[in-house]
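File shown: input.txt (compact mmCIF, C-alpha atoms).
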# COMPACT_ATOMS: atom_id res chain seq x y z
CA MET A 1 1.69 -2.06 27.83
CA LYS A 2 -2.03 -1.80 27.06
CA ILE A 3 -2.59 -0.44 23.56
CA ALA A 4 -5.75 0.42 21.63
CA ILE A 5 -5.58 0.59 17.83
CA ILE A 6 -8.45 2.53 16.27
CA THR A 7 -9.34 1.56 12.70
CA GLU A 8 -12.43 1.92 10.55
CA ARG A 9 -13.08 -1.68 9.53
CA ALA A 10 -11.62 -4.90 10.90
CA ASP A 11 -11.86 -7.18 7.87
CA VAL A 12 -8.78 -8.53 6.07
CA LYS A 13 -10.81 -9.16 2.89
CA LEU A 14 -11.17 -5.41 2.34
CA GLY A 15 -7.54 -4.70 1.48
CA GLY A 16 -3.98 -4.04 2.53
CA ALA A 17 -4.70 -1.32 5.11
CA GLU A 18 -7.07 -3.55 7.05
CA ARG A 19 -4.70 -6.50 6.87
CA SER A 20 -1.81 -4.32 8.02
CA VAL A 21 -3.63 -3.31 11.21
CA LEU A 22 -4.29 -6.91 12.19
CA GLU A 23 -0.72 -7.93 11.37
CA LEU A 24 0.56 -5.05 13.50
CA ARG A 25 -1.64 -6.17 16.36
CA ALA A 26 -0.15 -9.67 16.14
CA ALA A 27 3.42 -8.35 16.03
CA LEU A 28 2.89 -6.08 19.05
CA SER A 29 1.19 -8.88 20.96
CA ALA A 30 4.12 -11.19 20.22
CA ILE A 31 6.47 -8.90 22.15
CA GLY A 32 4.23 -8.81 25.21
CA HIS A 33 1.76 -5.96 24.72
CA GLN A 34 -1.99 -6.26 25.21
CA VAL A 35 -3.50 -4.87 22.02
CA ASP A 36 -7.19 -4.12 21.55
CA ILE A 37 -8.67 -3.34 18.14
CA ILE A 38 -11.43 -0.72 18.08
CA ALA A 39 -13.37 -0.71 14.81
CA ALA A 40 -16.57 0.85 13.57
CA LYS A 41 -17.44 -2.29 11.63
CA GLY A 42 -15.84 -5.60 10.83
CA THR A 43 -15.99 -9.36 10.64
CA ALA A 44 -12.91 -10.07 12.76
CA THR A 45 -13.83 -11.56 16.11
CA GLY A 46 -12.08 -12.76 19.23
CA LYS A 47 -10.64 -11.47 22.44
CA ASN A 48 -9.90 -7.73 22.60
CA MET A 49 -11.85 -7.00 19.39
CA HIS A 50 -14.40 -4.19 19.81
CA VAL A 51 -16.79 -3.37 16.95
CA LEU A 52 -18.73 -0.28 17.99
CA CYS A 53 -21.06 0.63 15.12
CA GLN A 54 -22.03 -2.65 13.49
CA SER A 55 -25.74 -1.86 13.70
CA ASN A 56 -25.38 1.33 11.65
CA SER A 57 -26.49 1.00 8.03
CA GLY A 58 -24.10 1.24 5.11
CA LYS A 59 -20.56 0.02 4.50
CA ARG A 60 -19.01 3.11 6.07
CA THR A 61 -19.72 4.81 9.37
CA ASN A 62 -20.16 8.55 9.71
CA TYR A 63 -17.02 10.09 11.25
CA PHE A 64 -18.89 11.92 14.01
CA ILE A 65 -21.00 8.89 14.95
CA TYR A 66 -17.87 6.78 15.23
CA ASP A 67 -16.06 9.54 17.14
CA LYS A 68 -18.87 9.64 19.71
CA ALA A 69 -18.85 5.84 20.06
CA ILE A 70 -15.08 5.79 20.60
CA ARG A 71 -15.21 8.52 23.25
CA GLU A 72 -17.89 6.62 25.14
CA PHE A 73 -15.87 3.40 24.90
CA LEU A 74 -12.69 5.10 26.15
CA GLN A 75 -14.52 6.50 29.19
CA ASN A 76 -15.02 2.95 30.41
CA ASN A 77 -11.82 1.37 29.09
CA LYS A 78 -8.38 2.72 29.90
CA PHE A 79 -5.27 2.26 27.75
CA ASP A 80 -1.64 3.32 28.07
CA ILE A 81 -1.47 4.22 24.36
CA ILE A 82 -4.17 5.07 21.84
CA HIS A 83 -2.93 4.46 18.31
CA SER A 84 -5.28 5.55 15.52
CA VAL A 85 -5.21 5.16 11.75
CA LEU A 86 -8.01 7.74 11.52
CA PRO A 87 -7.60 11.46 12.37
CA PHE A 88 -8.86 11.58 15.95
CA ASP A 89 -6.93 14.20 17.92
CA TYR A 90 -7.23 12.41 21.27
CA ALA A 91 -4.98 9.61 20.03
CA ASP A 92 -1.35 9.44 21.15
CA VAL A 93 -0.23 8.24 17.72
CA TYR A 94 -1.79 8.97 14.34
CA GLN A 95 -0.58 6.56 11.66
CA PRO A 96 -2.50 7.19 8.41
CA ARG A 97 -2.26 3.95 6.44
CA GLY A 98 -3.31 5.75 3.26
CA GLY A 99 -1.03 8.74 3.66
CA SER A 100 -2.54 12.21 3.93
CA TYR A 101 -6.02 12.87 2.57
CA ALA A 102 -4.73 15.99 0.82
CA GLU A 103 -2.13 14.08 -1.20
CA THR A 104 -4.60 11.30 -1.95
CA ILE A 105 -6.92 13.81 -3.64
CA VAL A 106 -4.12 15.39 -5.68
CA ARG A 107 -2.55 12.15 -6.88
CA ASN A 108 -5.89 10.49 -7.62
CA ALA A 109 -6.74 13.44 -9.88
CA ALA A 110 -3.32 13.20 -11.58
CA SER A 111 -3.89 9.53 -12.38
CA TYR A 112 -6.56 10.43 -14.94
CA GLN A 113 -3.79 11.90 -17.13
CA ASN A 114 -6.14 14.54 -18.44
CA LYS A 115 -5.64 18.17 -17.38
CA PHE A 116 -9.33 18.99 -17.59
CA VAL A 117 -10.36 15.94 -15.53
CA GLU A 118 -7.52 16.61 -13.08
CA PHE A 119 -8.71 20.19 -12.57
CA TYR A 120 -12.32 19.01 -12.20
CA LYS A 121 -11.42 16.31 -9.65
CA ASN A 122 -9.38 18.71 -7.53
CA MET A 123 -11.94 21.49 -7.74
CA PHE A 124 -14.97 19.38 -6.88
CA SER A 125 -13.40 17.04 -4.35
CA VAL A 126 -15.11 19.14 -1.66
CA PHE A 127 -18.44 17.63 -2.67
CA ASN A 128 -17.35 14.27 -1.32
CA SER A 129 -18.63 14.91 2.19
CA ARG A 130 -16.97 11.94 3.87
CA ARG A 131 -13.54 12.68 2.43
CA THR A 132 -13.91 16.40 3.16
CA THR A 133 -14.75 15.65 6.80
CA LEU A 134 -11.67 13.43 7.14
CA LEU A 135 -9.48 15.99 5.38
CA GLN A 136 -10.63 18.77 7.70
CA ALA A 137 -10.10 16.60 10.78
CA GLU A 138 -6.62 15.66 9.57
CA ARG A 139 -5.70 19.26 8.78
CA LYS A 140 -6.81 20.38 12.25
CA LEU A 141 -4.83 17.55 13.86
CA ALA A 142 -1.73 18.21 11.74
CA GLN A 143 -1.67 21.98 12.26
CA ALA A 144 -2.23 21.91 16.03
CA LYS A 145 0.71 22.83 18.25
CA ASN A 146 0.07 19.74 20.30
CA GLY A 147 -1.61 16.52 19.41
CA PRO A 148 -0.78 13.00 18.32
CA VAL A 149 2.65 12.05 17.10
CA ILE A 150 2.28 11.44 13.36
CA ALA A 151 3.89 8.09 12.58
CA ALA A 152 4.56 8.33 8.85
CA LEU A 153 4.85 5.10 6.86
CA SER A 154 7.55 6.64 4.66
CA LYS A 155 9.54 9.78 3.90
CA TYR A 156 6.95 10.47 1.21
CA VAL A 157 4.14 10.57 3.79
CA ALA A 158 6.19 12.78 6.14
CA LYS A 159 6.76 15.18 3.25
CA GLN A 160 3.01 15.30 2.58
CA PHE A 161 2.23 16.56 6.08
CA LYS A 162 4.90 19.25 5.87
CA GLU A 163 3.86 20.47 2.42
CA HIS A 164 0.07 20.28 2.70
CA TYR A 165 -0.38 21.26 6.34
CA GLY A 166 2.88 22.85 7.45
CA THR A 167 3.20 20.30 10.25
CA ASP A 168 6.14 20.87 12.59
CA SER A 169 8.83 18.27 11.94
CA THR A 170 9.10 17.58 15.67
CA ARG A 171 5.61 16.07 15.58
CA ILE A 172 6.47 13.60 12.82
CA THR A 173 8.39 10.37 13.18
CA ILE A 174 9.07 8.07 10.25
CA ILE A 175 8.46 4.39 10.92
CA PRO A 176 8.70 2.69 7.51
CA ASN A 177 5.99 0.25 6.61
CA GLY A 178 6.51 -3.46 7.12
CA VAL A 179 4.82 -6.71 6.19
CA LYS A 180 4.43 -10.14 7.66
CA ASN A 181 6.75 -12.64 6.03
CA ILE A 182 4.91 -14.48 3.28
CA LYS A 183 4.36 -18.14 4.04
CA GLU A 184 5.96 -20.73 1.81
CA PRO A 185 3.75 -21.19 -1.25
CA ASP A 186 1.76 -24.32 -1.84
CA ILE A 187 3.96 -25.92 -4.50
CA ALA A 188 1.14 -27.82 -6.16
CA GLN A 189 -1.07 -24.73 -6.36
CA ALA A 190 1.83 -22.63 -7.66
CA ASP A 191 2.66 -25.19 -10.34
CA ASN A 192 -0.97 -25.39 -11.38
CA LEU A 193 -1.21 -21.61 -11.57
CA ARG A 194 1.90 -21.38 -13.75
CA THR A 195 0.67 -24.15 -16.02
CA GLU A 196 -2.68 -22.36 -16.42
CA ILE A 197 -1.01 -19.00 -17.10
CA LEU A 198 1.37 -20.42 -19.70
CA SER A 199 -1.49 -22.27 -21.35
CA GLN A 200 -3.59 -19.11 -21.63
CA LEU A 201 -0.59 -17.30 -23.12
CA ASN A 202 0.00 -20.19 -25.55
CA LEU A 203 3.48 -20.72 -24.11
CA LYS A 204 5.61 -23.65 -23.05
CA GLU A 205 8.34 -23.71 -20.40
CA ALA A 206 10.81 -24.03 -23.25
CA ASP A 207 9.81 -20.54 -24.41
CA ASN A 208 11.50 -19.21 -21.24
CA PRO A 209 9.22 -16.18 -20.75
CA VAL A 210 9.79 -13.43 -18.18
CA LEU A 211 6.61 -12.99 -16.16
CA PHE A 212 5.97 -9.55 -14.67
CA LEU A 213 3.35 -9.49 -11.92
CA PHE A 214 1.08 -6.47 -11.33
CA ALA A 215 -1.36 -6.73 -8.40
CA ALA A 216 -3.90 -4.04 -7.49
CA ASN A 217 -7.62 -3.37 -7.48
CA ASN A 218 -7.52 0.20 -8.81
CA PHE A 219 -5.87 -0.22 -12.20
CA ARG A 220 -5.87 3.47 -13.11
CA LEU A 221 -4.39 4.78 -9.85
CA LYS A 222 -1.75 2.06 -9.80
CA GLY A 223 -0.60 2.89 -13.33
CA LEU A 224 -1.74 -0.11 -15.36
CA PRO A 225 -2.58 1.79 -18.59
CA GLY A 226 0.97 3.14 -18.83
CA LEU A 227 2.37 -0.27 -17.94
CA ILE A 228 0.45 -1.89 -20.80
CA ARG A 229 1.81 0.73 -23.20
CA ALA A 230 5.35 0.17 -21.92
CA MET A 231 4.93 -3.57 -22.32
CA GLN A 232 3.86 -3.08 -25.94
CA ILE A 233 7.03 -1.05 -26.62
CA VAL A 234 9.30 -3.74 -25.19
CA CYS A 235 7.47 -6.53 -27.02
CA SER A 236 7.99 -4.76 -30.33
CA GLN A 237 11.77 -5.04 -30.08
CA PRO A 238 14.20 -7.96 -29.72
CA THR A 239 15.03 -9.00 -26.14
CA GLU A 240 16.88 -11.95 -24.63
CA ARG A 241 13.60 -13.26 -23.18
CA LYS A 242 10.07 -12.25 -24.11
CA PRO A 243 8.17 -10.32 -21.40
CA TYR A 244 4.59 -11.04 -20.38
CA LEU A 245 2.44 -9.11 -17.92
CA ILE A 246 0.23 -10.97 -15.44
CA VAL A 247 -2.45 -8.67 -13.99
CA ALA A 248 -3.93 -9.80 -10.68
CA GLY A 249 -6.78 -7.79 -9.21
CA ASN A 250 -10.46 -7.03 -9.48
CA ASP A 251 -11.22 -3.82 -11.37
CA LYS A 252 -14.32 -3.73 -13.56
CA GLU A 253 -13.34 -0.64 -15.57
CA LYS A 254 -13.13 -1.71 -19.24
CA LYS A 255 -10.46 0.74 -20.42
CA CYS A 256 -7.47 -1.35 -19.34
CA TYR A 257 -8.92 -4.54 -20.79
CA ASP A 258 -9.67 -2.80 -24.08
CA LEU A 259 -6.22 -1.21 -24.19
CA ALA A 260 -4.49 -4.55 -23.64
CA SER A 261 -6.63 -6.20 -26.30
CA SER A 262 -5.80 -3.52 -28.83
CA ILE A 263 -2.04 -3.08 -28.38
CA ALA A 264 -0.68 -6.10 -26.48
CA PRO A 265 -3.21 -8.95 -26.79
CA ASP A 266 -0.58 -11.70 -26.71
CA ASN A 267 1.50 -10.35 -23.83
CA VAL A 268 -0.99 -9.24 -21.16
CA LEU A 269 -3.08 -11.68 -19.18
CA PHE A 270 -5.76 -10.72 -16.64
CA VAL A 271 -6.13 -13.43 -13.98
CA GLY A 272 -8.58 -11.66 -11.67
CA ALA A 273 -8.45 -11.66 -7.88
CA LEU A 274 -6.19 -14.33 -6.38
CA GLY A 275 -6.89 -15.98 -3.03
CA HIS A 276 -3.21 -15.83 -2.06
CA ILE A 277 -0.58 -13.71 -3.75
CA ARG A 278 2.24 -15.97 -2.57
CA GLU A 279 1.68 -18.57 -5.31
CA ALA A 280 1.68 -15.87 -7.98
CA MET A 281 4.88 -14.39 -6.49
CA ALA A 282 6.49 -17.82 -6.57
CA ILE A 283 5.94 -18.42 -10.29
CA THR A 284 6.64 -14.93 -11.63
CA ASP A 285 9.96 -13.11 -11.99
CA VAL A 286 9.45 -9.40 -11.29
CA ALA A 287 6.86 -7.34 -9.37
CA VAL A 288 5.82 -4.11 -11.07
CA LEU A 289 3.61 -1.29 -9.77
CA PRO A 290 4.03 2.02 -11.65
CA THR A 291 1.70 3.75 -9.24
CA PHE A 292 0.50 7.34 -9.22
CA TYR A 293 0.09 7.10 -5.46
CA ASP A 294 0.99 4.67 -2.71
CA PRO A 295 2.11 5.66 0.80
CA SER A 296 4.06 2.37 1.00
CA SER A 297 2.90 -0.54 -1.11
CA ARG A 298 2.50 -3.91 0.60
CA PHE A 299 2.70 -5.64 -2.77
CA ILE A 300 6.18 -4.26 -3.48
CA LEU A 301 7.38 -5.04 0.06
CA GLU A 302 6.02 -8.58 -0.13
CA ALA A 303 7.84 -9.11 -3.43
CA LEU A 304 11.11 -7.93 -1.90
CA SER A 305 10.54 -10.20 1.10
CA VAL A 306 10.74 -13.24 -1.20
CA GLY A 307 13.69 -11.94 -3.20
CA LYS A 308 11.86 -10.67 -6.27
CA PRO A 309 13.14 -7.60 -8.17
CA VAL A 310 10.66 -4.71 -8.23
CA ILE A 311 9.72 -1.80 -10.48
CA THR A 312 7.74 1.13 -9.07
CA THR A 313 7.68 4.94 -8.98
CA LYS A 314 8.87 7.66 -6.63
CA TYR A 315 5.22 8.12 -5.62
CA ASN A 316 5.48 4.87 -3.68
CA GLY A 317 6.82 5.24 -0.14
CA ALA A 318 8.09 1.65 -0.29
CA CYS A 319 11.08 3.10 -2.18
CA ASP A 320 12.57 3.97 1.23
CA LEU A 321 13.28 0.32 1.84
CA PHE A 322 15.26 -0.64 -1.25
CA GLU A 323 18.00 0.83 -3.41
CA ASN A 324 17.33 1.99 -6.96
CA ASN A 325 19.27 0.08 -9.63
CA LYS A 326 20.35 -2.51 -7.08
CA HIS A 327 17.20 -4.14 -5.72
CA GLY A 328 14.88 -2.85 -8.41
CA LYS A 329 14.00 0.19 -10.50
CA ILE A 330 12.40 3.45 -9.36
CA ILE A 331 10.73 5.50 -12.12
CA GLU A 332 10.44 9.26 -11.61
CA SER A 333 6.89 9.41 -12.95
CA PRO A 334 4.24 6.89 -14.02
CA ASP A 335 3.77 9.14 -17.07
CA ASP A 336 7.28 8.30 -18.27
CA ILE A 337 6.42 5.33 -20.46
CA SER A 338 9.87 5.27 -22.02
CA ALA A 339 11.60 4.90 -18.64
CA LEU A 340 9.11 2.22 -17.62
CA ALA A 341 9.80 0.33 -20.86
CA GLN A 342 13.54 0.53 -20.20
CA ALA A 343 13.04 -0.92 -16.72
CA ILE A 344 11.00 -3.81 -18.15
CA GLU A 345 13.61 -4.41 -20.84
CA TYR A 346 16.36 -4.54 -18.20
CA PHE A 347 14.66 -7.48 -16.54
CA THR A 348 14.22 -9.44 -19.76
CA ASN A 349 17.86 -10.38 -19.17
CA THR A 350 18.29 -13.46 -16.96
CA ASN A 351 21.56 -12.24 -15.48
CA ASN A 352 19.97 -8.94 -14.42
CA ILE A 353 17.14 -10.76 -12.64
CA GLN A 354 19.55 -13.08 -10.82
CA LYS A 355 21.93 -10.25 -9.89
CA THR A 356 19.10 -8.17 -8.44
CA SER A 357 17.58 -11.08 -6.53
CA GLN A 358 20.97 -11.94 -5.08
CA ALA A 359 21.47 -8.35 -3.89
CA ILE A 360 18.07 -8.41 -2.14
CA VAL A 361 19.07 -11.54 -0.24
CA GLU A 362 22.64 -10.45 0.54
CA ASP A 363 21.51 -7.06 1.85
CA GLU A 364 18.95 -8.75 4.12
CA ILE A 365 16.10 -6.65 2.81
CA GLN A 366 13.64 -9.16 4.29
CA ASP A 367 14.61 -8.24 7.86
CA ASN A 368 14.32 -4.52 7.18
CA ILE A 369 10.77 -4.75 5.83
CA SER A 370 9.46 -7.06 8.55
CA ILE A 371 6.38 -6.10 10.56
CA ASN A 372 8.40 -7.20 13.62
CA ARG A 373 10.79 -4.30 13.02
CA VAL A 374 7.79 -1.96 12.87
CA ALA A 375 6.52 -3.31 16.20
CA ARG A 376 9.89 -2.69 17.85
CA GLN A 377 10.08 0.88 16.54
CA LEU A 378 6.53 1.63 17.61
CA THR A 379 7.29 0.27 21.08
CA GLU A 380 10.18 2.72 21.35
CA LEU A 381 7.83 5.52 20.30
CA TYR A 382 5.19 4.45 22.85
CA VAL A 383 7.79 4.37 25.65
CA ASN A 384 8.93 7.87 24.69
CA ILE A 385 5.33 9.16 24.70
CA LEU A 386 4.64 7.63 28.11
CA SER A 387 7.87 9.08 29.45
CA LYS A 388 6.83 12.55 28.36
CA LYS A 389 3.37 12.06 29.86
CA GLY A 390 5.04 11.18 33.15
CA THR A 391 6.96 14.46 33.21
CA ASN A 392 3.85 16.59 32.61
Just dump the structure as structure tokens.
Amino acid sequence: MKIAIITERADVKLGGAERSVLELRAALSAIGHQVDIIAAKGTATGKNMHVLCQSNSGKRTNYFIYDKAIREFLQNNKFDIIHSVLPFDYADVYQPRGGSYAETIVRNAASYQNKFVEFYKNMFSVFNSRRTTLLQAERKLAQAKNGPVIAALSKYVAKQFKEHYGTDSTRITIIPNGVKNIKEPDIAQADNLRTEILSQLNLKEADNPVLFLFAANNFRLKGLPGLIRAMQIVCSQPTERKPYLIVAGNDKEKKCYDLASSIAPDNVLFVGALGHIREAMAITDVAVLPTFYDPSSRFILEALSVGKPVITTKYNGACDLFENNKHGKIIESPDDISALAQAIEYFTNTNNIQKTSQAIVEDEIQDNISINRVARQLTELYVNILSKKGTN
């Protein structure tokens, strides 16, 4: 099958969405498909990579300029399936990696935890011309009687399209997100990282700390302020093992740094952006992401893939792929600091960590969250689409 995947930028350094597209391409190619990537801009090169708007100025490409470039490209290049992560209605499959634009606006505003700011952000979101253009294109696509099949990354994303746009359920199929299996960590690098972290926390191995790993680049949206407050609560009471929060990511906003310095200076460590998350996963105990919004977090799925217990919120579509209170903890709201503190406290017990990790392995969670499973499900969807085209 000849498949085109339309994305905005083909550059794995930019984040999880970009990396996911390239991993999906590899997984589909591995089962015999020819997969071309169509991008407006990007650094990825090689066979079947088509960057259409590299000469345009700016980091982003205007939606209509890119739309025109794609249409011209498709006139001269034929594909069996057009799979887009952007809202172009001529695609066969629309798979929004970031969930719906409507929900993104709402949950981003909620993450400020200030009713006035939340109202302001929602009210004036229309002045962001790029986002408004994408929102309008998505709404048109979602409300049309015909159009692309919407391949939702999670039940949460499927719900978004029904609630915000009234999309007919028959146009939505849920194909849960998946990740490429993390490679074995470099043992020497992992050991060095742990030694450095313990040194900065003034700890020794004999102190037997529990290390909680948070990894994100938007600290506010991913719930770090509440996590720091929850950590302070747990640290103020006796626990079997003392918890420490390792924050990986590159966010220049000072509020989180100042908050940690004021209420949990000895138990929160910012390590900045890491070249590979696998070494950090290897030397920490629990992955935690109390996010205000995530269609399906790669970080949480990657943690599960290596047997690590997880803590996140119901606003993370990755919750579809693990069981609450068995493979991790799901908090109803990132605003519920008490519940978050209780989840952290639960994993200060060695037996609870081991029991949860064992359940992840025994229930073969790794296979369920594999990108290879996603490729197989998408292939079934493509075959169904082509079958319907053949009957028209």
Residue nearest Phe79 of chain A among A:Leu153, A:Ala343, A:Ala188, A:Ile38 (counting all atoms listed in the file) |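 Using all atoms listed in the file, the shortest distance to Phe79 of chain A belongs to A:Ile38.
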With a distance cut-off of 9 Å and all atoms listed in the file, select the neighbouring residues of Asp266 of chain A, excluding the residue or stretch itself and same-chain residues fewer than 3 positions from it, and output the selection as a list in words.
-> Leu201, Asn202, Tyr244, Ala260, Ser261, Ile263 and Leu269 of chain A
Which residue out of A:Pro209, A:Gly42, A:Gly98, A:Gly178 has the minimum interatomic distance to Asn349 of chain A when only C-alpha atoms are used?
->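 Looking at the shortest contact to Asn349 of chain A, the residue is A:Pro209.
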Can you build me a table of segment 146-263 of chain A residues sitting at most 12 Å from segment 321-337 of chain A, with the closest atom pair per residue and its distance in Å to one decimal, using all atoms listed in the file, sorted by chain and residue number, as CSV?
residue,atom,partner,partner_atom,distance
A:Leu153,CA,A:Leu321,CA,10.9
A:Ser154,CA,A:Leu321,CA,9.0
A:Lys155,CA,A:Leu321,CA,10.4
A:Tyr156,CA,A:Leu321,CA,12.0
A:Ile175,CA,A:Leu321,CA,11.1
A:Pro176,CA,A:Leu321,CA,7.7
A:Asn177,CA,A:Leu321,CA,8.7
A:Gly178,CA,A:Leu321,CA,9.4
A:Val179,CA,A:Leu321,CA,11.8
A:Arg220,CA,A:Pro334,CA,10.7
A:Leu221,CA,A:Pro334,CA,9.8
A:Lys222,CA,A:Pro334,CA,8.8
A:Gly223,CA,A:Pro334,CA,6.3
A:Leu224,CA,A:Pro334,CA,9.3
A:Pro225,CA,A:Pro334,CA,9.7
A:Gly226,CA,A:Ile337,CA,6.1
A:Leu227,CA,A:Ile337,CA,7.4
A:Ile228,CA,A:Ile337,CA,9.4
A:Arg229,CA,A:Ile337,CA,7.1
A:Ala230,CA,A:Ile337,CA,5.5
A:Met231,CA,A:Ile337,CA,9.2
A:Gln232,CA,A:Ile337,CA,10.4
A:Ile233,CA,A:Ile337,CA,8.9
A:Val234,CA,A:Ile337,CA,10.6
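Our summary of the geometry notes that atom CA of Ala144 of chain A is positioned 12.3 Å from atom CA of Ser169 of chain A.
For the set A:Ala280, A:Ala91, A:Leu386, A:Lys252, the residue with the smallest atom-to-atom gap to Asn192 of chain A is A:Ala280, counting all atoms listed in the file.
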Near Ile65 of chain A, within 10 Å and counting all atoms listed in the file, which residues show up once chain neighbours fewer than 2 positions away are dropped, as a PyMOL selection string?
-> chain A and resi 40+52-53+56+61-63+67-70
Dump as a PDB file, keeping the file's coordinate frame, selection limited to C-alpha atoms:
ATOM      1  CA  ALA A  40     -16.570   0.850  13.570  1.00  0.00           C
ATOM      2  CA  LEU A  52     -18.730  -0.280  17.990  1.00  0.00           C
ATOM      3  CA  CYS A  53     -21.060   0.630  15.120  1.00  0.00           C
ATOM      4  CA  ASN A  56     -25.380   1.330  11.650  1.00  0.00           C
ATOM      5  CA  THR A  61     -19.720   4.810   9.370  1.00  0.00           C
ATOM      6  CA  ASN A  62     -20.160   8.550   9.710  1.00  0.00           C
ATOM      7  CA  TYR A  63     -17.020  10.090  11.250  1.00  0.00           C
ATOM      8  CA  ASP A  67     -16.060   9.540  17.140  1.00  0.00           C
ATOM      9  CA  LYS A  68     -18.870   9.640  19.710  1.00  0.00           C
ATOM     10  CA  ALA A  69     -18.850   5.840  20.060  1.00  0.00           C
ATOM     11  CA  ILE A  70     -15.080   5.790  20.600  1.00  0.00           C
TER      12      ILE A  70
END
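With all atoms listed in the file as the atoms that count, the minimum distance from Cys235 of chain A to the choices A:Phe64, A:Tyr90, A:Gln160, A:Ile344 is reached by A:Ile344.
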So which one's closest to Tyr315 of chain A, A:Arg25, A:Lys47, A:Lys159, A:His83? Using all atoms listed in the file, please.
->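 Looking at the shortest contact to Tyr315 of chain A, the residue is A:Lys159.
If you measure from each of A:Leu381, A:Ile37, A:Ile197, A:Leu22 to Ile172 of chain A using all atoms listed in the file, the closest one turns out to be A:Leu381.
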Interatomic distance (Å, one decimal) between atom CA of Ala10 of chain A and atom CA of Thr167 of chain A | 29.2 Å
Can you work out the spacing between atom CA of Asn250 of chain A and atom CA of Ala216 of chain A in Å, to one decimal?
->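 Pair atom CA of Asn250 of chain A / atom CA of Ala216 of chain A returns 7.5 Å.
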Could you check which residues have any atom within 10 Å of (8.7, -11.2, 7.1), counting only C-alpha atoms with coordinates taken straight from the file, and then list them as a short mmCIF file (atom, residue, chain, number, x, y, z; two decimals) with C-alpha atoms, in the frame of the given file?
data_model
loop_
_atom_site.label_atom_id
_atom_site.label_comp_id
_atom_site.auth_asym_id
_atom_site.auth_seq_id
_atom_site.Cartn_x
_atom_site.Cartn_y
_atom_site.Cartn_z
CA GLY A 178 6.51 -3.46 7.12
CA VAL A 179 4.82 -6.71 6.19
CA LYS A 180 4.43 -10.14 7.66
CA ASN A 181 6.75 -12.64 6.03
CA ILE A 182 4.91 -14.48 3.28
CA LYS A 183 4.36 -18.14 4.04
CA LEU A 301 7.38 -5.04 0.06
CA GLU A 302 6.02 -8.58 -0.13
CA LEU A 304 11.11 -7.93 -1.90
CA SER A 305 10.54 -10.20 1.10
CA VAL A 306 10.74 -13.24 -1.20
CA ILE A 365 16.10 -6.65 2.81
CA GLN A 366 13.64 -9.16 4.29
CA ASP A 367 14.61 -8.24 7.86
CA ASN A 368 14.32 -4.52 7.18
CA ILE A 369 10.77 -4.75 5.83
CA SER A 370 9.46 -7.06 8.55
CA ILE A 371 6.38 -6.10 10.56
CA ASN A 372 8.40 -7.20 13.62
CA ARG A 373 10.79 -4.30 13.02
#
Contacts of segment 387-390 of chain A at 12 Å (all atoms listed in the file; same-chain gap of 5+ positions) as a ChimeraX atom specification = /A:80-81,92,380-382
Residues near Phe119 of chain A, cut-off 12 Å, only C-alpha atoms, skip fewer than 2 positions along chain, as number ranges by chain = A: 105-117, 121-125
